[in-house]
$ cat input04.cif   # mmCIF, C-alpha atoms
data_input
#
loop_
_atom_site.label_atom_id
_atom_site.label_comp_id
_atom_site.auth_asym_id
_atom_site.auth_seq_id
_atom_site.Cartn_x
_atom_site.Cartn_y
_atom_site.Cartn_z
CA MET A 1108 8.80 21.74 -31.06
CA ILE A 1109 6.24 19.12 -30.03
CA ASP A 1110 3.93 20.10 -27.18
CA GLU A 1111 4.53 17.59 -24.40
CA ALA A 1112 1.73 18.79 -22.14
CA LYS A 1113 0.36 16.09 -19.90
CA PRO A 1114 -3.16 14.94 -20.75
CA SER A 1115 -5.91 15.79 -18.29
CA VAL A 1116 -7.02 13.10 -15.87
CA ARG A 1117 -10.33 12.96 -17.72
CA GLU A 1118 -8.51 12.35 -21.02
CA THR A 1119 -6.35 9.62 -19.53
CA ARG A 1120 -9.40 7.92 -18.07
CA LEU A 1121 -11.16 8.09 -21.41
CA MET A 1122 -8.12 6.62 -23.10
CA ARG A 1123 -8.18 3.74 -20.62
CA SER A 1124 -11.96 3.23 -21.00
CA ARG A 1125 -12.67 4.09 -17.38
CA PHE A 1126 -16.28 5.00 -18.09
CA GLU A 1127 -17.36 1.59 -19.35
CA SER A 1128 -20.19 -0.10 -17.50
CA GLY A 1129 -17.86 -2.93 -16.43
CA ASN A 1130 -16.09 -0.52 -14.08
CA ARG A 1131 -19.39 0.31 -12.38
CA ILE A 1132 -20.32 -3.36 -12.12
CA SER A 1133 -16.98 -4.12 -10.47
CA GLY A 1134 -17.83 -1.56 -7.77
CA TRP A 1135 -21.21 -3.19 -7.20
CA VAL A 1136 -19.61 -6.64 -6.92
CA TYR A 1137 -16.84 -5.42 -4.62
CA GLY A 1138 -19.28 -3.45 -2.46
CA THR A 1139 -21.66 -6.40 -2.30
CA ILE A 1140 -18.95 -8.79 -1.14
CA VAL A 1141 -17.80 -6.30 1.50
CA VAL A 1142 -21.39 -5.84 2.67
CA MET A 1143 -22.05 -9.57 2.87
CA GLY A 1144 -18.88 -10.13 4.89
CA ALA A 1145 -19.75 -7.26 7.21
CA VAL A 1146 -23.28 -8.62 7.69
CA VAL A 1147 -22.00 -12.07 8.59
CA VAL A 1148 -19.27 -10.77 10.90
CA GLY A 1149 -21.53 -8.12 12.41
CA SER A 1150 -24.32 -10.54 13.16
CA ALA A 1151 -22.08 -13.13 14.84
CA GLY A 1152 -23.14 -13.43 18.45
CA SER A 1153 -25.91 -10.83 18.12
CA ALA A 1154 -28.64 -10.44 15.55
CA ASP A 1155 -29.28 -6.76 16.34
CA PRO A 1156 -30.05 -5.39 12.87
CA TRP A 1157 -29.34 -1.79 13.86
CA ARG A 1158 -25.86 -2.71 15.11
CA VAL A 1159 -25.23 -4.74 11.98
CA ALA A 1160 -26.48 -1.90 9.74
CA THR A 1161 -24.16 0.62 11.38
CA ALA A 1162 -21.23 -1.81 11.15
CA VAL A 1163 -21.95 -2.39 7.45
CA ALA A 1164 -22.30 1.33 6.75
CA GLY A 1165 -19.09 2.15 8.60
CA THR A 1166 -17.12 -0.61 6.91
CA VAL A 1167 -18.31 0.32 3.43
CA LEU A 1168 -17.71 4.03 4.02
CA VAL A 1169 -14.13 3.43 5.17
CA LEU A 1170 -13.38 1.15 2.21
CA TRP A 1171 -14.96 3.63 -0.21
CA ILE A 1172 -12.77 6.43 1.15
CA ALA A 1173 -9.74 4.13 0.80
CA HIS A 1174 -10.67 3.38 -2.82
CA VAL A 1175 -11.16 7.05 -3.63
CA TYR A 1176 -7.83 7.89 -2.01
CA ALA A 1177 -5.97 5.10 -3.82
CA ARG A 1178 -7.55 5.94 -7.19
CA ALA A 1179 -6.83 9.65 -6.73
CA ILE A 1180 -3.19 8.95 -5.95
CA GLY A 1181 -2.93 6.66 -8.97
CA GLU A 1182 -4.64 9.14 -11.29
CA SER A 1183 -2.44 11.95 -9.99
CA ILE A 1184 0.74 9.97 -10.59
CA PHE A 1185 -0.46 8.89 -14.04
CA ALA A 1186 -1.28 12.49 -14.99
CA GLY A 1187 1.95 13.77 -13.45
CA ARG A 1188 0.20 16.41 -11.38
CA ARG A 1189 -2.13 16.97 -8.46
CA LEU A 1190 -5.84 16.46 -9.13
CA ASP A 1191 -8.08 19.47 -8.88
CA ARG A 1192 -11.34 19.44 -6.90
CA ARG A 1193 -13.46 18.60 -9.96
CA GLU A 1194 -11.27 15.64 -10.87
CA LEU A 1195 -11.27 14.36 -7.30
CA THR A 1196 -15.05 14.63 -7.28
CA GLU A 1197 -15.15 12.62 -10.53
CA VAL A 1198 -12.99 9.90 -9.00
CA ALA A 1199 -15.22 9.78 -5.91
CA GLY A 1200 -18.28 9.56 -8.15
CA GLU A 1201 -16.81 6.74 -10.20
CA GLU A 1202 -16.20 4.75 -7.00
CA LEU A 1203 -19.69 5.52 -5.67
CA THR A 1204 -21.02 2.09 -6.67
CA ILE A 1205 -19.14 0.62 -3.71
CA PRO A 1206 -21.25 2.38 -1.04
CA LEU A 1207 -24.36 2.27 -3.23
CA ALA A 1208 -24.17 -1.52 -3.16
CA ALA A 1209 -24.75 -1.27 0.60
CA VAL A 1210 -28.01 0.69 0.37
CA PRO A 1211 -30.47 -2.19 -0.31
CA PRO A 1212 -28.98 -4.55 2.33
CA ILE A 1213 -28.83 -1.72 4.88
CA GLY A 1214 -32.46 -0.97 4.01
CA ALA A 1215 -33.40 -4.55 4.90
CA LEU A 1216 -31.47 -4.25 8.18
CA VAL A 1217 -33.19 -0.97 9.03
CA LEU A 1218 -36.55 -2.66 8.42
CA GLY A 1219 -35.46 -5.25 10.97
CA ALA A 1220 -34.38 -2.57 13.42
CA ALA A 1221 -37.75 -0.85 12.99
CA GLY A 1222 -39.61 -4.09 13.72
CA VAL A 1223 -41.06 -4.42 10.21
CA LEU A 1224 -39.03 -7.62 9.72
CA ARG A 1225 -37.93 -10.03 12.41
CA GLU A 1226 -34.27 -9.53 13.28
CA SER A 1227 -33.09 -12.81 11.78
CA ARG A 1228 -35.16 -12.27 8.63
CA ALA A 1229 -33.63 -8.81 8.17
CA ILE A 1230 -30.15 -10.31 8.26
CA TRP A 1231 -31.09 -13.09 5.86
CA ALA A 1232 -32.77 -10.53 3.58
CA ALA A 1233 -29.58 -8.45 3.53
CA LEU A 1234 -27.59 -11.55 2.56
CA ALA A 1235 -30.19 -12.57 -0.05
CA ILE A 1236 -29.93 -9.12 -1.63
CA GLY A 1237 -26.18 -9.65 -1.85
CA LEU A 1238 -26.62 -13.02 -3.50
CA LEU A 1239 -29.09 -11.57 -6.00
CA THR A 1240 -26.62 -8.81 -6.82
CA LEU A 1241 -23.83 -11.34 -7.44
CA ALA A 1242 -26.18 -13.44 -9.59
CA ALA A 1243 -27.13 -10.35 -11.60
CA ALA A 1244 -23.44 -9.59 -12.19
CA GLY A 1245 -22.96 -13.15 -13.44
CA LEU A 1246 -25.92 -12.72 -15.78
CA ARG A 1247 -24.55 -9.42 -17.05
CA TYR A 1248 -21.21 -11.05 -17.78
CA ALA A 1249 -22.94 -13.92 -19.59
CA ARG A 1250 -24.87 -11.47 -21.78
CA VAL A 1251 -21.75 -9.51 -22.68
CA GLU A 1252 -20.04 -12.77 -23.64
CA HIS A 1253 -23.16 -14.03 -25.49
CA LEU A 1254 -23.09 -17.28 -23.53
CA ASN A 1255 -25.65 -20.02 -24.06
CA ARG A 1256 -27.98 -21.08 -21.23
CA LEU A 1257 -25.68 -23.69 -19.75
CA ALA A 1258 -22.67 -21.39 -19.82
CA THR A 1259 -24.83 -18.61 -18.32
CA ALA A 1260 -25.86 -20.90 -15.47
CA VAL A 1261 -22.20 -21.79 -14.91
CA SER A 1262 -21.25 -18.10 -14.98
CA VAL A 1263 -23.88 -17.23 -12.37
CA ALA A 1264 -22.94 -20.23 -10.21
CA LEU A 1265 -19.24 -19.38 -10.36
CA ASN A 1266 -19.91 -15.74 -9.54
CA LEU A 1267 -22.00 -16.75 -6.53
CA ALA A 1268 -19.48 -19.35 -5.42
CA LEU A 1269 -16.51 -17.03 -5.70
CA GLY A 1270 -18.39 -14.30 -3.85
CA LEU A 1271 -19.30 -16.73 -1.07
CA VAL A 1272 -15.72 -18.01 -0.83
CA ILE A 1273 -14.45 -14.45 -0.45
CA VAL A 1274 -17.10 -13.75 2.22
CA ALA A 1275 -16.08 -16.95 4.02
CA LEU A 1276 -12.44 -15.83 3.94
CA GLU A 1277 -13.44 -12.42 5.34
CA VAL A 1278 -15.33 -14.13 8.16
CA ALA A 1279 -12.54 -16.61 8.87
CA LEU A 1280 -9.94 -13.87 9.06
CA SER A 1281 -12.08 -11.73 11.35
CA HIS A 1282 -12.29 -14.41 14.05
#
$ encode --input "input04.cif" --output "structure tokens"
Amino acid sequence: MIDEAKPSVRETRLMRSRFESGNRISGWVYGTIVVMGAVVVGSAGSADPWRVATAVAGTVLVLWIAHVYARAIGESIFAGRRLDRRELTEVAGEELTIPLAAVPPIGALVLGAAGVLRESRAIWAALAIGLLTLAAAGLRYARVEHLNRLATAVSVALNLALGLVIVALEVALSH
């Protein structure tokens, strides 16, 4: 008789190449876009960097929890069983790039709240960090695809443009 034991969640993730760097980059890009949208929405009407930083942190934390929950449910269904604590911790760790993407922009906002940067500069710095992150993701993609310089520039520009369009949609829907 053939053993029909379900594979472990770790084995199923390995089979689906969950641990590739592209998965981590997607979390950085997603987290960055969420952060940029939260910065823009949070700074509308008031440029208080502390208020914006707490809004960004809260937004990213809630979305990270939602991602962990959704991934855990999906992994559990795929494995045909409930995840144990170690597996749930692994899922949470794999999604950690989402809140980690918020750390540098929140750092800039805290510098503004502390008076090290002017309030408006802190907000612009947080957005600039987001743009640099999106540009870096575009560069990473171009390197993986072995693109020439022109195609690399297009890749970076498209990544920035798409990120900004998504941020604009977030802002438009929040008002």
$ residues_around --input "input04.cif" --residues "stretch 1202-1218 of chain A" --least-positions-apart "2" --cutoff "10 Å" --atoms "all atoms listed in the file" --output "PyMOL selection string"
chain A and resi 1130-1143+1146+1155-1172+1174-1175+1178+1196-1200+1220-1237+1240
$ atom_distance --input "input04.cif" --atom1 "atom CA of A:Ala1264" --atom2 "atom CA of A:Ser1150"
25.3 Å
$ atom_distance --input "input04.cif" --atom1 "atom CA of A:Asn1266" --atom2 "atom CA of A:Ala1151"
24.6 Å
$ residues_around --input "input04.cif" --residues "stretch 1269-1278 of chain A" --least-positions-apart "3" --cutoff "6 Å" --atoms "all atoms listed in the file" --output "ChimeraX atom specification"
/A:1144,1148,1265-1266,1281
$ residues_around --input "input04.cif" --residues "stretch 1242-1254 of chain A" --least-positions-apart "2" --cutoff "7 Å" --atoms "all atoms listed in the file" --output "PyMOL selection string"
chain A and resi 1132+1238-1240+1256+1258-1259+1262-1263+1266-1267
$ write_last_selection --input "input04.cif" --atoms "C-alpha atoms" --output "PDB file, keeping the file's coordinate frame"
ATOM      1  CA  ILE A1132     -20.320  -3.360 -12.120  1.00  0.00           C
ATOM      2  CA  LEU A1238     -26.620 -13.020  -3.500  1.00  0.00           C
ATOM      3  CA  LEU A1239     -29.090 -11.570  -6.000  1.00  0.00           C
ATOM      4  CA  THR A1240     -26.620  -8.810  -6.820  1.00  0.00           C
ATOM      5  CA  ARG A1256     -27.980 -21.080 -21.230  1.00  0.00           C
ATOM      6  CA  ALA A1258     -22.670 -21.390 -19.820  1.00  0.00           C
ATOM      7  CA  THR A1259     -24.830 -18.610 -18.320  1.00  0.00           C
ATOM      8  CA  SER A1262     -21.250 -18.100 -14.980  1.00  0.00           C
ATOM      9  CA  VAL A1263     -23.880 -17.230 -12.370  1.00  0.00           C
ATOM     10  CA  ASN A1266     -19.910 -15.740  -9.540  1.00  0.00           C
ATOM     11  CA  LEU A1267     -22.000 -16.750  -6.530  1.00  0.00           C
TER      12      LEU A1267
END
$ atom_distance --input "input04.cif" --atom1 "atom CA of A:Leu1280" --atom2 "atom CA of A:Ala1145"
12.0 Å
$ closest_residue --input "input04.cif" --among "A:Arg1192, A:Glu1201, A:Gly1187, A:Gly1219" --to "A:Ala1154" --atoms "only C-alpha atoms"
A:Gly1219
$ decode --input "input04.cif" --residues "stretch 1235-1282 of chain A" --atoms "N, CA and C atoms" --output "short mmCIF file (atom, residue, chain, number, x, y, z; two decimals), in the first residue's frame"
data_model
loop_
_atom_site.label_atom_id
_atom_site.label_comp_id
_atom_site.auth_asym_id
_atom_site.auth_seq_id
_atom_site.Cartn_x
_atom_site.Cartn_y
_atom_site.Cartn_z
N ALA A 1235 10.51 59.57 -0.45
CA ALA A 1235 11.71 59.33 -1.26
C ALA A 1235 12.29 57.94 -0.98
N ILE A 1236 12.27 57.52 0.27
CA ILE A 1236 12.73 56.17 0.62
C ILE A 1236 11.87 55.14 -0.11
N GLY A 1237 10.58 55.38 -0.15
CA GLY A 1237 9.68 54.47 -0.87
C GLY A 1237 10.02 54.41 -2.35
N LEU A 1238 10.25 55.56 -2.94
CA LEU A 1238 10.60 55.60 -4.37
C LEU A 1238 11.92 54.87 -4.63
N LEU A 1239 12.89 55.07 -3.75
CA LEU A 1239 14.17 54.38 -3.91
C LEU A 1239 14.00 52.86 -3.79
N THR A 1240 13.13 52.44 -2.90
CA THR A 1240 12.86 51.01 -2.74
C THR A 1240 12.24 50.44 -4.01
N LEU A 1241 11.27 51.15 -4.58
CA LEU A 1241 10.64 50.69 -5.82
C LEU A 1241 11.65 50.67 -6.97
N ALA A 1242 12.51 51.67 -7.02
CA ALA A 1242 13.55 51.71 -8.06
C ALA A 1242 14.50 50.52 -7.89
N ALA A 1243 14.87 50.23 -6.66
CA ALA A 1243 15.76 49.09 -6.41
C ALA A 1243 15.10 47.78 -6.83
N ALA A 1244 13.81 47.64 -6.61
CA ALA A 1244 13.11 46.43 -7.05
C ALA A 1244 13.12 46.33 -8.57
N GLY A 1245 12.94 47.45 -9.24
CA GLY A 1245 13.02 47.45 -10.70
C GLY A 1245 14.40 47.06 -11.20
N LEU A 1246 15.44 47.56 -10.51
CA LEU A 1246 16.81 47.18 -10.86
C LEU A 1246 17.05 45.69 -10.63
N ARG A 1247 16.55 45.18 -9.53
CA ARG A 1247 16.71 43.76 -9.21
C ARG A 1247 16.06 42.91 -10.30
N TYR A 1248 14.87 43.30 -10.70
CA TYR A 1248 14.17 42.58 -11.77
C TYR A 1248 15.00 42.62 -13.06
N ALA A 1249 15.52 43.79 -13.39
CA ALA A 1249 16.31 43.94 -14.61
C ALA A 1249 17.55 43.05 -14.58
N ARG A 1250 18.18 42.93 -13.42
CA ARG A 1250 19.36 42.07 -13.31
C ARG A 1250 19.01 40.61 -13.49
N VAL A 1251 17.91 40.19 -12.88
CA VAL A 1251 17.47 38.80 -13.01
C VAL A 1251 17.19 38.47 -14.47
N GLU A 1252 16.60 39.42 -15.18
CA GLU A 1252 16.25 39.22 -16.58
C GLU A 1252 17.40 39.53 -17.53
N HIS A 1253 18.54 39.98 -16.99
CA HIS A 1253 19.72 40.32 -17.80
C HIS A 1253 19.38 41.36 -18.87
N LEU A 1254 18.67 42.40 -18.46
CA LEU A 1254 18.25 43.44 -19.39
C LEU A 1254 19.40 44.39 -19.70
N ASN A 1255 19.38 44.96 -20.90
CA ASN A 1255 20.38 45.97 -21.24
C ASN A 1255 20.03 47.29 -20.52
N ARG A 1256 20.84 48.31 -20.72
CA ARG A 1256 20.65 49.57 -19.98
C ARG A 1256 19.31 50.24 -20.28
N LEU A 1257 18.92 50.26 -21.52
CA LEU A 1257 17.66 50.89 -21.88
C LEU A 1257 16.49 50.12 -21.27
N ALA A 1258 16.51 48.82 -21.41
CA ALA A 1258 15.44 48.00 -20.83
C ALA A 1258 15.43 48.11 -19.30
N THR A 1259 16.60 48.24 -18.69
CA THR A 1259 16.69 48.43 -17.24
C THR A 1259 16.04 49.75 -16.85
N ALA A 1260 16.34 50.80 -17.59
CA ALA A 1260 15.74 52.11 -17.31
C ALA A 1260 14.22 52.03 -17.44
N VAL A 1261 13.75 51.33 -18.46
CA VAL A 1261 12.30 51.16 -18.65
C VAL A 1261 11.71 50.36 -17.49
N SER A 1262 12.41 49.31 -17.07
CA SER A 1262 11.94 48.50 -15.95
C SER A 1262 11.81 49.33 -14.68
N VAL A 1263 12.81 50.12 -14.39
CA VAL A 1263 12.78 50.97 -13.19
C VAL A 1263 11.65 51.99 -13.32
N ALA A 1264 11.55 52.63 -14.49
CA ALA A 1264 10.50 53.64 -14.69
C ALA A 1264 9.11 53.03 -14.56
N LEU A 1265 8.90 51.86 -15.14
CA LEU A 1265 7.60 51.20 -15.03
C LEU A 1265 7.29 50.80 -13.59
N ASN A 1266 8.29 50.32 -12.87
CA ASN A 1266 8.08 49.94 -11.48
C ASN A 1266 7.70 51.17 -10.65
N LEU A 1267 8.40 52.27 -10.87
CA LEU A 1267 8.06 53.51 -10.16
C LEU A 1267 6.67 54.01 -10.55
N ALA A 1268 6.38 54.00 -11.84
CA ALA A 1268 5.09 54.48 -12.31
C ALA A 1268 3.95 53.63 -11.77
N LEU A 1269 4.08 52.34 -11.84
CA LEU A 1269 3.02 51.47 -11.34
C LEU A 1269 2.84 51.66 -9.83
N GLY A 1270 3.93 51.76 -9.11
CA GLY A 1270 3.85 52.01 -7.67
C GLY A 1270 3.13 53.31 -7.37
N LEU A 1271 3.46 54.36 -8.12
CA LEU A 1271 2.82 55.66 -7.91
C LEU A 1271 1.34 55.63 -8.30
N VAL A 1272 1.00 54.90 -9.34
CA VAL A 1272 -0.42 54.77 -9.73
C VAL A 1272 -1.20 54.07 -8.62
N ILE A 1273 -0.62 53.03 -8.06
CA ILE A 1273 -1.30 52.32 -6.97
C ILE A 1273 -1.46 53.23 -5.76
N VAL A 1274 -0.41 53.99 -5.43
CA VAL A 1274 -0.51 54.94 -4.31
C VAL A 1274 -1.60 55.97 -4.60
N ALA A 1275 -1.64 56.48 -5.82
CA ALA A 1275 -2.67 57.46 -6.19
C ALA A 1275 -4.07 56.86 -6.04
N LEU A 1276 -4.23 55.60 -6.43
CA LEU A 1276 -5.53 54.94 -6.26
C LEU A 1276 -5.88 54.80 -4.78
N GLU A 1277 -4.88 54.44 -3.95
CA GLU A 1277 -5.12 54.35 -2.50
C GLU A 1277 -5.62 55.69 -1.96
N VAL A 1278 -4.94 56.76 -2.36
CA VAL A 1278 -5.28 58.10 -1.89
C VAL A 1278 -6.68 58.49 -2.38
N ALA A 1279 -6.94 58.25 -3.66
CA ALA A 1279 -8.23 58.61 -4.22
C ALA A 1279 -9.38 57.87 -3.52
N LEU A 1280 -9.17 56.62 -3.21
CA LEU A 1280 -10.21 55.84 -2.57
C LEU A 1280 -10.39 56.19 -1.09
N SER A 1281 -9.37 56.79 -0.50
CA SER A 1281 -9.48 57.13 0.92
C SER A 1281 -10.20 58.46 1.15
N HIS A 1282 -10.41 59.21 0.09
CA HIS A 1282 -11.06 60.52 0.25
C HIS A 1282 -12.49 60.49 -0.23
#
